[in-house]
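Peer 1: Structure file query08.cif, mmCIF, N, CA, C and O atoms, is pasted below:
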data_protein
loop_
_atom_site.label_atom_id
_atom_site.label_comp_id
_atom_site.auth_asym_id
_atom_site.auth_seq_id
_atom_site.Cartn_x
_atom_site.Cartn_y
_atom_site.Cartn_z
N MET M 1 0.84 -1.18 0.00
CA MET M 1 0.00 0.00 0.00
C MET M 1 0.88 1.24 0.00
O MET M 1 1.90 1.30 0.67
N LEU M 2 0.48 2.26 -0.76
CA LEU M 2 1.27 3.48 -0.87
C LEU M 2 0.97 4.42 0.29
O LEU M 2 -0.16 4.54 0.73
N GLU M 3 2.00 5.10 0.74
CA GLU M 3 1.80 6.12 1.76
C GLU M 3 1.42 7.42 1.07
O GLU M 3 1.75 7.66 -0.07
N ALA M 4 0.71 8.29 1.81
CA ALA M 4 0.22 9.55 1.22
C ALA M 4 1.36 10.45 0.77
O ALA M 4 1.19 11.27 -0.11
N ASP M 5 2.53 10.32 1.34
CA ASP M 5 3.64 11.18 0.93
C ASP M 5 4.65 10.45 0.05
O ASP M 5 5.71 10.96 -0.24
N GLY M 6 4.32 9.26 -0.43
CA GLY M 6 5.23 8.49 -1.27
C GLY M 6 5.33 9.06 -2.67
O GLY M 6 4.41 9.73 -3.16
N ASP M 7 6.45 8.79 -3.33
CA ASP M 7 6.67 9.30 -4.68
C ASP M 7 5.62 8.82 -5.67
O ASP M 7 5.13 9.59 -6.49
N ALA M 8 5.24 7.56 -5.58
CA ALA M 8 4.26 7.03 -6.53
C ALA M 8 2.90 7.69 -6.33
O ALA M 8 2.20 7.98 -7.29
N PHE M 9 2.54 7.95 -5.09
CA PHE M 9 1.26 8.62 -4.80
C PHE M 9 1.24 10.02 -5.40
O PHE M 9 0.25 10.43 -6.02
N VAL M 10 2.33 10.74 -5.25
CA VAL M 10 2.40 12.11 -5.78
C VAL M 10 2.41 12.10 -7.30
O VAL M 10 1.76 12.92 -7.94
N GLU M 11 3.10 11.15 -7.91
CA GLU M 11 3.08 11.04 -9.38
C GLU M 11 1.68 10.77 -9.89
O GLU M 11 1.26 11.32 -10.90
N LEU M 12 0.94 9.94 -9.19
CA LEU M 12 -0.41 9.59 -9.62
C LEU M 12 -1.39 10.76 -9.44
O LEU M 12 -2.20 11.03 -10.32
N ASN M 13 -1.28 11.48 -8.33
CA ASN M 13 -2.24 12.55 -8.01
C ASN M 13 -1.75 13.95 -8.36
O ASN M 13 -2.53 14.89 -8.33
N GLY M 14 -0.47 14.10 -8.65
CA GLY M 14 0.06 15.40 -9.04
C GLY M 14 0.74 16.14 -7.91
O GLY M 14 0.60 15.81 -6.74
N TYR M 15 1.48 17.17 -8.28
CA TYR M 15 2.27 17.96 -7.33
C TYR M 15 1.59 19.26 -6.95
O TYR M 15 2.05 19.96 -6.06
N ALA M 16 0.49 19.61 -7.61
CA ALA M 16 -0.15 20.91 -7.39
C ALA M 16 -0.67 21.07 -5.97
O ALA M 16 -0.65 22.18 -5.42
N ARG M 17 -1.13 20.02 -5.36
CA ARG M 17 -1.75 20.13 -4.03
C ARG M 17 -0.85 19.59 -2.93
O ARG M 17 -1.34 19.22 -1.85
N THR M 18 0.43 19.52 -3.17
CA THR M 18 1.35 19.01 -2.16
C THR M 18 2.46 20.03 -1.93
O THR M 18 2.64 20.96 -2.69
N ASP M 19 3.20 19.80 -0.87
CA ASP M 19 4.38 20.63 -0.59
C ASP M 19 5.62 20.07 -1.25
O ASP M 19 6.68 20.67 -1.19
N ALA M 20 5.48 18.91 -1.88
CA ALA M 20 6.62 18.27 -2.53
C ALA M 20 7.07 19.09 -3.73
O ALA M 20 6.25 19.60 -4.49
N GLU M 21 8.37 19.21 -3.89
CA GLU M 21 8.92 19.91 -5.05
C GLU M 21 8.87 18.98 -6.25
O GLU M 21 9.23 17.81 -6.16
N SER M 22 8.40 19.49 -7.38
CA SER M 22 8.31 18.64 -8.56
C SER M 22 9.71 18.36 -9.09
O SER M 22 10.58 19.23 -9.10
N PRO M 23 9.96 17.13 -9.55
CA PRO M 23 11.28 16.76 -10.07
C PRO M 23 11.59 17.45 -11.40
O PRO M 23 10.69 17.99 -12.06
N ASP M 24 12.84 17.44 -11.77
CA ASP M 24 13.29 18.11 -13.00
C ASP M 24 12.54 17.64 -14.24
O ASP M 24 12.26 18.44 -15.12
N TYR M 25 12.22 16.36 -14.33
CA TYR M 25 11.55 15.86 -15.52
C TYR M 25 10.11 16.37 -15.63
O TYR M 25 9.46 16.17 -16.63
N ARG M 26 9.60 17.02 -14.59
CA ARG M 26 8.26 17.62 -14.64
C ARG M 26 8.33 19.12 -14.92
O ARG M 26 7.36 19.84 -14.73
N ARG M 27 9.47 19.61 -15.36
CA ARG M 27 9.62 21.00 -15.79
C ARG M 27 10.21 20.99 -17.19
O ARG M 27 11.29 20.46 -17.41
N VAL M 28 9.48 21.57 -18.13
CA VAL M 28 9.95 21.57 -19.52
C VAL M 28 10.38 22.97 -19.93
O VAL M 28 9.80 23.97 -19.49
N PRO M 29 11.43 23.07 -20.76
CA PRO M 29 11.88 24.39 -21.22
C PRO M 29 10.81 25.08 -22.05
O PRO M 29 10.12 24.45 -22.85
N ALA M 30 10.69 26.39 -21.85
CA ALA M 30 9.72 27.18 -22.61
C ALA M 30 10.31 28.58 -22.81
O ALA M 30 10.46 29.33 -21.84
N PRO M 31 10.66 28.93 -24.02
CA PRO M 31 11.24 30.26 -24.26
C PRO M 31 10.21 31.36 -24.00
O PRO M 31 9.01 31.17 -24.18
N ILE M 32 10.69 32.50 -23.55
CA ILE M 32 9.83 33.66 -23.36
C ILE M 32 9.74 34.37 -24.69
O ILE M 32 10.75 34.71 -25.31
N GLN M 33 8.52 34.61 -25.16
CA GLN M 33 8.31 35.30 -26.43
C GLN M 33 7.41 36.50 -26.21
O GLN M 33 6.57 36.50 -25.31
N ALA M 34 7.58 37.50 -27.06
CA ALA M 34 6.79 38.72 -26.93
C ALA M 34 6.41 39.26 -28.30
O ALA M 34 7.12 39.06 -29.28
N ASP M 35 5.28 39.93 -28.34
CA ASP M 35 4.86 40.68 -29.52
C ASP M 35 5.16 42.14 -29.24
O ASP M 35 4.92 42.63 -28.13
N SER M 36 5.70 42.86 -30.22
CA SER M 36 6.00 44.28 -30.02
C SER M 36 5.73 45.05 -31.31
O SER M 36 5.80 44.50 -32.41
N THR M 37 5.41 46.31 -31.15
CA THR M 37 5.13 47.16 -32.31
C THR M 37 5.70 48.56 -32.08
O THR M 37 5.89 49.00 -30.95
N SER M 38 5.99 49.21 -33.16
CA SER M 38 6.36 50.62 -33.15
C SER M 38 5.76 51.23 -34.42
O SER M 38 5.09 50.55 -35.18
N LEU M 39 6.04 52.47 -34.66
CA LEU M 39 5.53 53.09 -35.88
C LEU M 39 6.18 52.50 -37.13
O LEU M 39 5.58 52.49 -38.20
N ALA M 40 7.40 51.99 -36.99
CA ALA M 40 8.14 51.50 -38.15
C ALA M 40 8.03 49.99 -38.38
O ALA M 40 8.24 49.52 -39.49
N TRP M 41 7.74 49.19 -37.34
CA TRP M 41 7.75 47.74 -37.51
C TRP M 41 6.81 47.06 -36.53
O TRP M 41 6.34 47.66 -35.57
N GLN M 42 6.59 45.78 -36.79
CA GLN M 42 5.78 44.95 -35.91
C GLN M 42 6.43 43.57 -35.84
O GLN M 42 6.78 43.00 -36.88
N ARG M 43 6.62 43.06 -34.64
CA ARG M 43 7.23 41.74 -34.47
C ARG M 43 6.29 40.88 -33.63
O ARG M 43 5.74 41.34 -32.64
N LYS M 44 6.17 39.63 -34.03
CA LYS M 44 5.32 38.69 -33.29
C LYS M 44 6.14 37.47 -32.91
O LYS M 44 6.87 36.93 -33.73
N GLY M 45 5.99 37.05 -31.68
CA GLY M 45 6.66 35.84 -31.22
C GLY M 45 8.16 35.95 -31.14
O GLY M 45 8.85 34.94 -31.22
N GLN M 46 8.67 37.15 -30.93
CA GLN M 46 10.12 37.33 -30.85
C GLN M 46 10.60 36.80 -29.50
O GLN M 46 10.07 37.14 -28.46
N ARG M 47 11.61 35.96 -29.55
CA ARG M 47 12.17 35.42 -28.31
C ARG M 47 12.95 36.50 -27.59
O ARG M 47 13.74 37.23 -28.21
N ILE M 48 12.71 36.61 -26.28
CA ILE M 48 13.42 37.61 -25.48
C ILE M 48 14.10 36.92 -24.30
O ILE M 48 13.70 35.84 -23.88
N SER M 49 15.09 37.57 -23.76
CA SER M 49 15.82 37.08 -22.60
C SER M 49 15.04 37.42 -21.34
O SER M 49 14.34 38.44 -21.28
N ILE M 50 15.23 36.63 -20.32
CA ILE M 50 14.60 36.94 -19.04
C ILE M 50 15.14 38.26 -18.48
O ILE M 50 14.47 38.95 -17.73
N LEU M 51 16.34 38.65 -18.91
CA LEU M 51 16.93 39.91 -18.46
C LEU M 51 16.23 41.12 -19.07
O LEU M 51 16.41 42.24 -18.60
N GLN M 52 15.44 40.91 -20.11
CA GLN M 52 14.69 42.01 -20.71
C GLN M 52 13.37 42.27 -19.99
O GLN M 52 12.70 43.25 -20.28
N LEU M 53 13.03 41.42 -19.05
CA LEU M 53 11.83 41.62 -18.25
C LEU M 53 12.14 42.57 -17.09
O LEU M 53 13.28 42.66 -16.65
N PRO M 54 11.14 43.28 -16.57
CA PRO M 54 11.38 44.08 -15.37
C PRO M 54 11.83 43.18 -14.22
O PRO M 54 11.43 42.01 -14.15
N GLU M 55 12.65 43.71 -13.34
CA GLU M 55 13.20 42.90 -12.25
C GLU M 55 12.12 42.22 -11.42
O GLU M 55 12.28 41.08 -11.00
N MET M 56 11.00 42.92 -11.19
CA MET M 56 9.95 42.34 -10.37
C MET M 56 9.29 41.13 -11.04
O MET M 56 8.71 40.29 -10.37
N ALA M 57 9.40 41.00 -12.34
CA ALA M 57 8.79 39.88 -13.06
C ALA M 57 9.73 38.69 -13.20
O ALA M 57 9.27 37.58 -13.48
N ARG M 58 10.99 38.87 -12.98
CA ARG M 58 11.97 37.80 -13.19
C ARG M 58 11.79 36.63 -12.22
O ARG M 58 12.14 35.50 -12.56
N ASP M 59 11.28 36.89 -11.02
CA ASP M 59 11.05 35.81 -10.08
C ASP M 59 9.77 35.04 -10.37
O ASP M 59 9.60 33.92 -9.93
N VAL M 60 8.88 35.65 -11.13
CA VAL M 60 7.58 35.04 -11.41
C VAL M 60 7.58 34.31 -12.75
O VAL M 60 7.08 33.20 -12.87
N ILE M 61 8.16 34.93 -13.76
CA ILE M 61 8.18 34.36 -15.12
C ILE M 61 9.50 33.63 -15.31
O ILE M 61 10.57 34.21 -15.14
N LYS M 62 9.41 32.37 -15.64
CA LYS M 62 10.61 31.54 -15.82
C LYS M 62 10.65 31.01 -17.25
O LYS M 62 9.66 31.05 -17.98
N GLU M 63 11.79 30.50 -17.65
CA GLU M 63 11.94 29.89 -18.97
C GLU M 63 11.69 28.39 -18.90
O GLU M 63 12.35 27.60 -19.54
N GLU M 64 10.71 28.02 -18.07
CA GLU M 64 10.30 26.63 -17.95
C GLU M 64 8.85 26.60 -17.49
O GLU M 64 8.34 27.56 -16.91
N VAL M 65 8.19 25.50 -17.80
CA VAL M 65 6.79 25.33 -17.42
C VAL M 65 6.68 24.06 -16.58
O VAL M 65 7.09 22.98 -17.03
N PRO M 66 6.15 24.18 -15.36
CA PRO M 66 5.96 22.97 -14.55
C PRO M 66 4.74 22.18 -15.02
O PRO M 66 3.78 22.74 -15.56
N ILE M 67 4.81 20.87 -14.83
CA ILE M 67 3.68 20.00 -15.15
C ILE M 67 3.20 19.43 -13.81
O ILE M 67 3.69 18.39 -13.35
N PRO M 68 2.25 20.11 -13.14
CA PRO M 68 1.85 19.71 -11.79
C PRO M 68 0.80 18.61 -11.71
O PRO M 68 0.64 17.99 -10.69
N TRP M 69 0.04 18.38 -12.81
CA TRP M 69 -1.03 17.40 -12.72
C TRP M 69 -0.48 15.99 -12.70
O TRP M 69 0.62 15.72 -13.18
N GLY M 70 -1.25 15.09 -12.15
CA GLY M 70 -0.80 13.72 -11.98
C GLY M 70 -1.12 12.82 -13.16
O GLY M 70 -1.93 13.14 -14.03
N ALA M 71 -0.48 11.68 -13.17
CA ALA M 71 -0.71 10.69 -14.23
C ALA M 71 -2.09 10.07 -14.10
O ALA M 71 -2.62 9.52 -15.05
N GLY M 72 -2.73 10.18 -12.94
CA GLY M 72 -4.03 9.59 -12.70
C GLY M 72 -5.15 10.26 -13.48
O GLY M 72 -6.24 9.69 -13.59
N ILE M 73 -4.93 11.46 -14.04
CA ILE M 73 -5.99 12.12 -14.79
C ILE M 73 -6.17 11.50 -16.18
O ILE M 73 -7.17 11.73 -16.82
N TRP M 74 -5.22 10.72 -16.63
CA TRP M 74 -5.25 10.14 -17.97
C TRP M 74 -5.93 8.78 -17.94
O TRP M 74 -5.33 7.76 -18.18
N ARG M 75 -7.18 8.75 -17.62
CA ARG M 75 -7.92 7.49 -17.59
C ARG M 75 -8.61 7.28 -18.93
O ARG M 75 -9.24 8.18 -19.46
N ILE M 76 -8.50 6.09 -19.44
CA ILE M 76 -9.12 5.77 -20.74
C ILE M 76 -10.30 4.85 -20.53
O ILE M 76 -10.31 3.96 -19.78
#
Would you give me this structure, written as structure tokens?
Peer 2:
Amino acid sequence: MLEADGDAFVELNGYARTDAESPDYRRVPAPIQADSTSLAWQRKGQRISILQLPEMARDVIKEEVPIPWGAGIWRI
């Protein structure tokens, strides 16, 4: 029987509702992209560096996306 704090239990039910830190394989790289315009040009989906964000946003916006949901949601 699995314990409520066991790794298999968390994988099945997800990391969103636990204090457990999600493992590296549950974080996928995701580039930061922005749309910008001026009077002379328009750019869509331009990749930008995290250093181009305001300092207050750098702790919130990351170049990765966590996958917090569990494998148990994929029932067929």
Peer 1: Taking the backbone alone, and naming residues the way the document does, which bits of chain M are strand (DSSP E) by DSSP, as a PyMOL selection string?
Peer 2: chain M and resi 27-29+32-37+42-48+64-66
Peer 1: Quick one: write out the picked residues with N, CA, C and O atoms as a CSV table (one decimal), in the frame of the given file?
Peer 2:
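result12.csv, freshly written:
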chain,number,residue,atom,x,y,z
M,27,ARG,N,9.5,19.6,-15.4
M,27,ARG,CA,9.6,21.0,-15.8
M,27,ARG,C,10.2,21.0,-17.2
M,27,ARG,O,11.3,20.5,-17.4
M,28,VAL,N,9.5,21.6,-18.1
M,28,VAL,CA,10.0,21.6,-19.5
M,28,VAL,C,10.4,23.0,-19.9
M,28,VAL,O,9.8,24.0,-19.5
M,29,PRO,N,11.4,23.1,-20.8
M,29,PRO,CA,11.9,24.4,-21.2
M,29,PRO,C,10.8,25.1,-22.0
M,29,PRO,O,10.1,24.4,-22.8
M,32,ILE,N,10.7,32.5,-23.6
M,32,ILE,CA,9.8,33.7,-23.4
M,32,ILE,C,9.7,34.4,-24.7
M,32,ILE,O,10.8,34.7,-25.3
M,33,GLN,N,8.5,34.6,-25.2
M,33,GLN,CA,8.3,35.3,-26.4
M,33,GLN,C,7.4,36.5,-26.2
M,33,GLN,O,6.6,36.5,-25.3
M,34,ALA,N,7.6,37.5,-27.1
M,34,ALA,CA,6.8,38.7,-26.9
M,34,ALA,C,6.4,39.3,-28.3
M,34,ALA,O,7.1,39.1,-29.3
M,35,ASP,N,5.3,39.9,-28.3
M,35,ASP,CA,4.9,40.7,-29.5
M,35,ASP,C,5.2,42.1,-29.2
M,35,ASP,O,4.9,42.6,-28.1
M,36,SER,N,5.7,42.9,-30.2
M,36,SER,CA,6.0,44.3,-30.0
M,36,SER,C,5.7,45.0,-31.3
M,36,SER,O,5.8,44.5,-32.4
M,37,THR,N,5.4,46.3,-31.2
M,37,THR,CA,5.1,47.2,-32.3
M,37,THR,C,5.7,48.6,-32.1
M,37,THR,O,5.9,49.0,-31.0
M,42,GLN,N,6.6,45.8,-36.8
M,42,GLN,CA,5.8,45.0,-35.9
M,42,GLN,C,6.4,43.6,-35.8
M,42,GLN,O,6.8,43.0,-36.9
M,43,ARG,N,6.6,43.1,-34.6
M,43,ARG,CA,7.2,41.7,-34.5
M,43,ARG,C,6.3,40.9,-33.6
M,43,ARG,O,5.7,41.3,-32.6
M,44,LYS,N,6.2,39.6,-34.0
M,44,LYS,CA,5.3,38.7,-33.3
M,44,LYS,C,6.1,37.5,-32.9
M,44,LYS,O,6.9,36.9,-33.7
M,45,GLY,N,6.0,37.0,-31.7
M,45,GLY,CA,6.7,35.8,-31.2
M,45,GLY,C,8.2,36.0,-31.1
M,45,GLY,O,8.8,34.9,-31.2
M,46,GLN,N,8.7,37.2,-30.9
M,46,GLN,CA,10.1,37.3,-30.8
M,46,GLN,C,10.6,36.8,-29.5
M,46,GLN,O,10.1,37.1,-28.5
M,47,ARG,N,11.6,36.0,-29.6
M,47,ARG,CA,12.2,35.4,-28.3
M,47,ARG,C,13.0,36.5,-27.6
M,47,ARG,O,13.7,37.2,-28.2
M,48,ILE,N,12.7,36.6,-26.3
M,48,ILE,CA,13.4,37.6,-25.5
M,48,ILE,C,14.1,36.9,-24.3
M,48,ILE,O,13.7,35.8,-23.9
M,64,GLU,N,10.7,28.0,-18.1
M,64,GLU,CA,10.3,26.6,-18.0
M,64,GLU,C,8.8,26.6,-17.5
M,64,GLU,O,8.3,27.6,-16.9
M,65,VAL,N,8.2,25.5,-17.8
M,65,VAL,CA,6.8,25.3,-17.4
M,65,VAL,C,6.7,24.1,-16.6
M,65,VAL,O,7.1,23.0,-17.0
M,66,PRO,N,6.2,24.2,-15.4
M,66,PRO,CA,6.0,23.0,-14.6
M,66,PRO,C,4.7,22.2,-15.0
M,66,PRO,O,3.8,22.7,-15.6
Peer 1: Please write the residues picked by the PyMOL selection byres ((chain M and resi 53-62) around 8) on this file as an MDAnalysis selection string.
Peer 2: chainID M and resid 28:32 48:52 63:65
Peer 1: Convert the current residue selection to file output with N, CA, C and O atoms, as a JSON list (two decimals), keeping the file's coordinate frame.
Peer 2:
[["chain", "number", "residue", "atom", "x", "y", "z"],
["M", 28, "VAL", "N", 9.48, 21.57, -18.13],
["M", 28, "VAL", "CA", 9.95, 21.57, -19.52],
["M", 28, "VAL", "C", 10.38, 22.97, -19.93],
["M", 28, "VAL", "O", 9.80, 23.97, -19.49],
["M", 29, "PRO", "N", 11.43, 23.07, -20.76],
["M", 29, "PRO", "CA", 11.88, 24.39, -21.22],
["M", 29, "PRO", "C", 10.81, 25.08, -22.05],
["M", 29, "PRO", "O", 10.12, 24.45, -22.85],
["M", 30, "ALA", "N", 10.69, 26.39, -21.85],
["M", 30, "ALA", "CA", 9.72, 27.18, -22.61],
["M", 30, "ALA", "C", 10.31, 28.58, -22.81],
["M", 30, "ALA", "O", 10.46, 29.33, -21.84],
["M", 31, "PRO", "N", 10.66, 28.93, -24.02],
["M", 31, "PRO", "CA", 11.24, 30.26, -24.26],
["M", 31, "PRO", "C", 10.21, 31.36, -24.00],
["M", 31, "PRO", "O", 9.01, 31.17, -24.18],
["M", 32, "ILE", "N", 10.69, 32.50, -23.55],
["M", 32, "ILE", "CA", 9.83, 33.66, -23.36],
["M", 32, "ILE", "C", 9.74, 34.37, -24.69],
["M", 32, "ILE", "O", 10.75, 34.71, -25.31],
["M", 48, "ILE", "N", 12.71, 36.61, -26.28],
["M", 48, "ILE", "CA", 13.42, 37.61, -25.48],
["M", 48, "ILE", "C", 14.10, 36.92, -24.30],
["M", 48, "ILE", "O", 13.70, 35.84, -23.88],
["M", 49, "SER", "N", 15.09, 37.57, -23.76],
["M", 49, "SER", "CA", 15.82, 37.08, -22.60],
["M", 49, "SER", "C", 15.04, 37.42, -21.34],
["M", 49, "SER", "O", 14.34, 38.44, -21.28],
["M", 50, "ILE", "N", 15.23, 36.63, -20.32],
["M", 50, "ILE", "CA", 14.60, 36.94, -19.04],
["M", 50, "ILE", "C", 15.14, 38.26, -18.48],
["M", 50, "ILE", "O", 14.47, 38.95, -17.73],
["M", 51, "LEU", "N", 16.34, 38.65, -18.91],
["M", 51, "LEU", "CA", 16.93, 39.91, -18.46],
["M", 51, "LEU", "C", 16.23, 41.12, -19.07],
["M", 51, "LEU", "O", 16.41, 42.24, -18.60],
["M", 52, "GLN", "N", 15.44, 40.91, -20.11],
["M", 52, "GLN", "CA", 14.69, 42.01, -20.71],
["M", 52, "GLN", "C", 13.37, 42.27, -19.99],
["M", 52, "GLN", "O", 12.70, 43.25, -20.28],
["M", 63, "GLU", "N", 11.79, 30.50, -17.65],
["M", 63, "GLU", "CA", 11.94, 29.89, -18.97],
["M", 63, "GLU", "C", 11.69, 28.39, -18.90],
["M", 63, "GLU", "O", 12.35, 27.60, -19.54],
["M", 64, "GLU", "N", 10.71, 28.02, -18.07],
["M", 64, "GLU", "CA", 10.30, 26.63, -17.95],
["M", 64, "GLU", "C", 8.85, 26.60, -17.49],
["M", 64, "GLU", "O", 8.34, 27.56, -16.91],
["M", 65, "VAL", "N", 8.19, 25.50, -17.80],
["M", 65, "VAL", "CA", 6.79, 25.33, -17.42],
["M", 65, "VAL", "C", 6.68, 24.06, -16.58],
["M", 65, "VAL", "O", 7.09, 22.98, -17.03]]
Peer 1: Report the residues retrieved by the PyMOL selection byres (((chain M and resi 43-47 and name CA) around 6) and name CA) from the displayed file, expressed as a PyMOL selection string.
Peer 2: chain M and resi 32-36+42+48
Peer 1: Could you list, as a ChimeraX atom specification, every residue matched by the PyMOL selection byres ((chain M and resi 16) around 7) in this structure?
Peer 2: /M:10,13-15,17-20,67-70
Peer 1: What does the structure give for the distance between atom O of Arg27 in chain M and atom N of Phe9 in chain M, in Å to one decimal?
Peer 2: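 If I compute the distance from atom O of Arg27 in chain M to atom N of Phe9 in chain M, I get 19.6 Å.
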Peer 1: Tell me, in Å to one decimal, how far CA of Leu12 in chain M is from atom C of Ala71 in chain M.
Peer 2: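 Calculated distance between CA of Leu12 in chain M and atom C of Ala71 in chain M is 4.8 Å.
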Peer 1: Rounded to one decimal, what separation in Å do you get between CA of Ala8 in chain M and atom C of Pro66 in chain M?
Peer 2: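 Interatomic distance here is 17.4 Å.
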Peer 1: What residues in chain M get the DSSP label helix (DSSP H, G or I)? Please answer as a list of chain:residue names.
Peer 2: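 The helix (DSSP H, G or I) residues within chain M come out as M:Asp7, M:Ala8, M:Phe9, M:Val10, M:Glu11, M:Leu12, M:Asn13, M:Asp24, M:Tyr25, M:Arg26, M:Ile50, M:Leu51, M:Gln52, M:Glu55, M:Met56, M:Ala57, M:Arg58, M:Ala71, M:Gly72, M:Ile73.
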Peer 1: Next, write the just-selected residues to a file, as a CSV table (one decimal), in the coordinates of the input, keeping N, CA, C and O atoms as the atom set.
Peer 2:
chain,number,residue,atom,x,y,z
M,7,ASP,N,6.4,8.8,-3.3
M,7,ASP,CA,6.7,9.3,-4.7
M,7,ASP,C,5.6,8.8,-5.7
M,7,ASP,O,5.1,9.6,-6.5
M,8,ALA,N,5.2,7.6,-5.6
M,8,ALA,CA,4.3,7.0,-6.5
M,8,ALA,C,2.9,7.7,-6.3
M,8,ALA,O,2.2,8.0,-7.3
M,9,PHE,N,2.5,8.0,-5.1
M,9,PHE,CA,1.3,8.6,-4.8
M,9,PHE,C,1.2,10.0,-5.4
M,9,PHE,O,0.2,10.4,-6.0
M,10,VAL,N,2.3,10.7,-5.2
M,10,VAL,CA,2.4,12.1,-5.8
M,10,VAL,C,2.4,12.1,-7.3
M,10,VAL,O,1.8,12.9,-7.9
M,11,GLU,N,3.1,11.2,-7.9
M,11,GLU,CA,3.1,11.0,-9.4
M,11,GLU,C,1.7,10.8,-9.9
M,11,GLU,O,1.3,11.3,-10.9
M,12,LEU,N,0.9,9.9,-9.2
M,12,LEU,CA,-0.4,9.6,-9.6
M,12,LEU,C,-1.4,10.8,-9.4
M,12,LEU,O,-2.2,11.0,-10.3
M,13,ASN,N,-1.3,11.5,-8.3
M,13,ASN,CA,-2.2,12.6,-8.0
M,13,ASN,C,-1.8,14.0,-8.4
M,13,ASN,O,-2.5,14.9,-8.3
M,24,ASP,N,12.8,17.4,-11.8
M,24,ASP,CA,13.3,18.1,-13.0
M,24,ASP,C,12.5,17.6,-14.2
M,24,ASP,O,12.3,18.4,-15.1
M,25,TYR,N,12.2,16.4,-14.3
M,25,TYR,CA,11.6,15.9,-15.5
M,25,TYR,C,10.1,16.4,-15.6
M,25,TYR,O,9.5,16.2,-16.6
M,26,ARG,N,9.6,17.0,-14.6
M,26,ARG,CA,8.3,17.6,-14.6
M,26,ARG,C,8.3,19.1,-14.9
M,26,ARG,O,7.4,19.8,-14.7
M,50,ILE,N,15.2,36.6,-20.3
M,50,ILE,CA,14.6,36.9,-19.0
M,50,ILE,C,15.1,38.3,-18.5
M,50,ILE,O,14.5,39.0,-17.7
M,51,LEU,N,16.3,38.6,-18.9
M,51,LEU,CA,16.9,39.9,-18.5
M,51,LEU,C,16.2,41.1,-19.1
M,51,LEU,O,16.4,42.2,-18.6
M,52,GLN,N,15.4,40.9,-20.1
M,52,GLN,CA,14.7,42.0,-20.7
M,52,GLN,C,13.4,42.3,-20.0
M,52,GLN,O,12.7,43.2,-20.3
M,55,GLU,N,12.6,43.7,-13.3
M,55,GLU,CA,13.2,42.9,-12.2
M,55,GLU,C,12.1,42.2,-11.4
M,55,GLU,O,12.3,41.1,-11.0
M,56,MET,N,11.0,42.9,-11.2
M,56,MET,CA,10.0,42.3,-10.4
M,56,MET,C,9.3,41.1,-11.0
M,56,MET,O,8.7,40.3,-10.4
M,57,ALA,N,9.4,41.0,-12.3
M,57,ALA,CA,8.8,39.9,-13.1
M,57,ALA,C,9.7,38.7,-13.2
M,57,ALA,O,9.3,37.6,-13.5
M,58,ARG,N,11.0,38.9,-13.0
M,58,ARG,CA,12.0,37.8,-13.2
M,58,ARG,C,11.8,36.6,-12.2
M,58,ARG,O,12.1,35.5,-12.6
M,71,ALA,N,-0.5,11.7,-13.2
M,71,ALA,CA,-0.7,10.7,-14.2
M,71,ALA,C,-2.1,10.1,-14.1
M,71,ALA,O,-2.6,9.5,-15.0
M,72,GLY,N,-2.7,10.2,-12.9
M,72,GLY,CA,-4.0,9.6,-12.7
M,72,GLY,C,-5.2,10.3,-13.5
M,72,GLY,O,-6.2,9.7,-13.6
M,73,ILE,N,-4.9,11.5,-14.0
M,73,ILE,CA,-6.0,12.1,-14.8
M,73,ILE,C,-6.2,11.5,-16.2
M,73,ILE,O,-7.2,11.7,-16.8
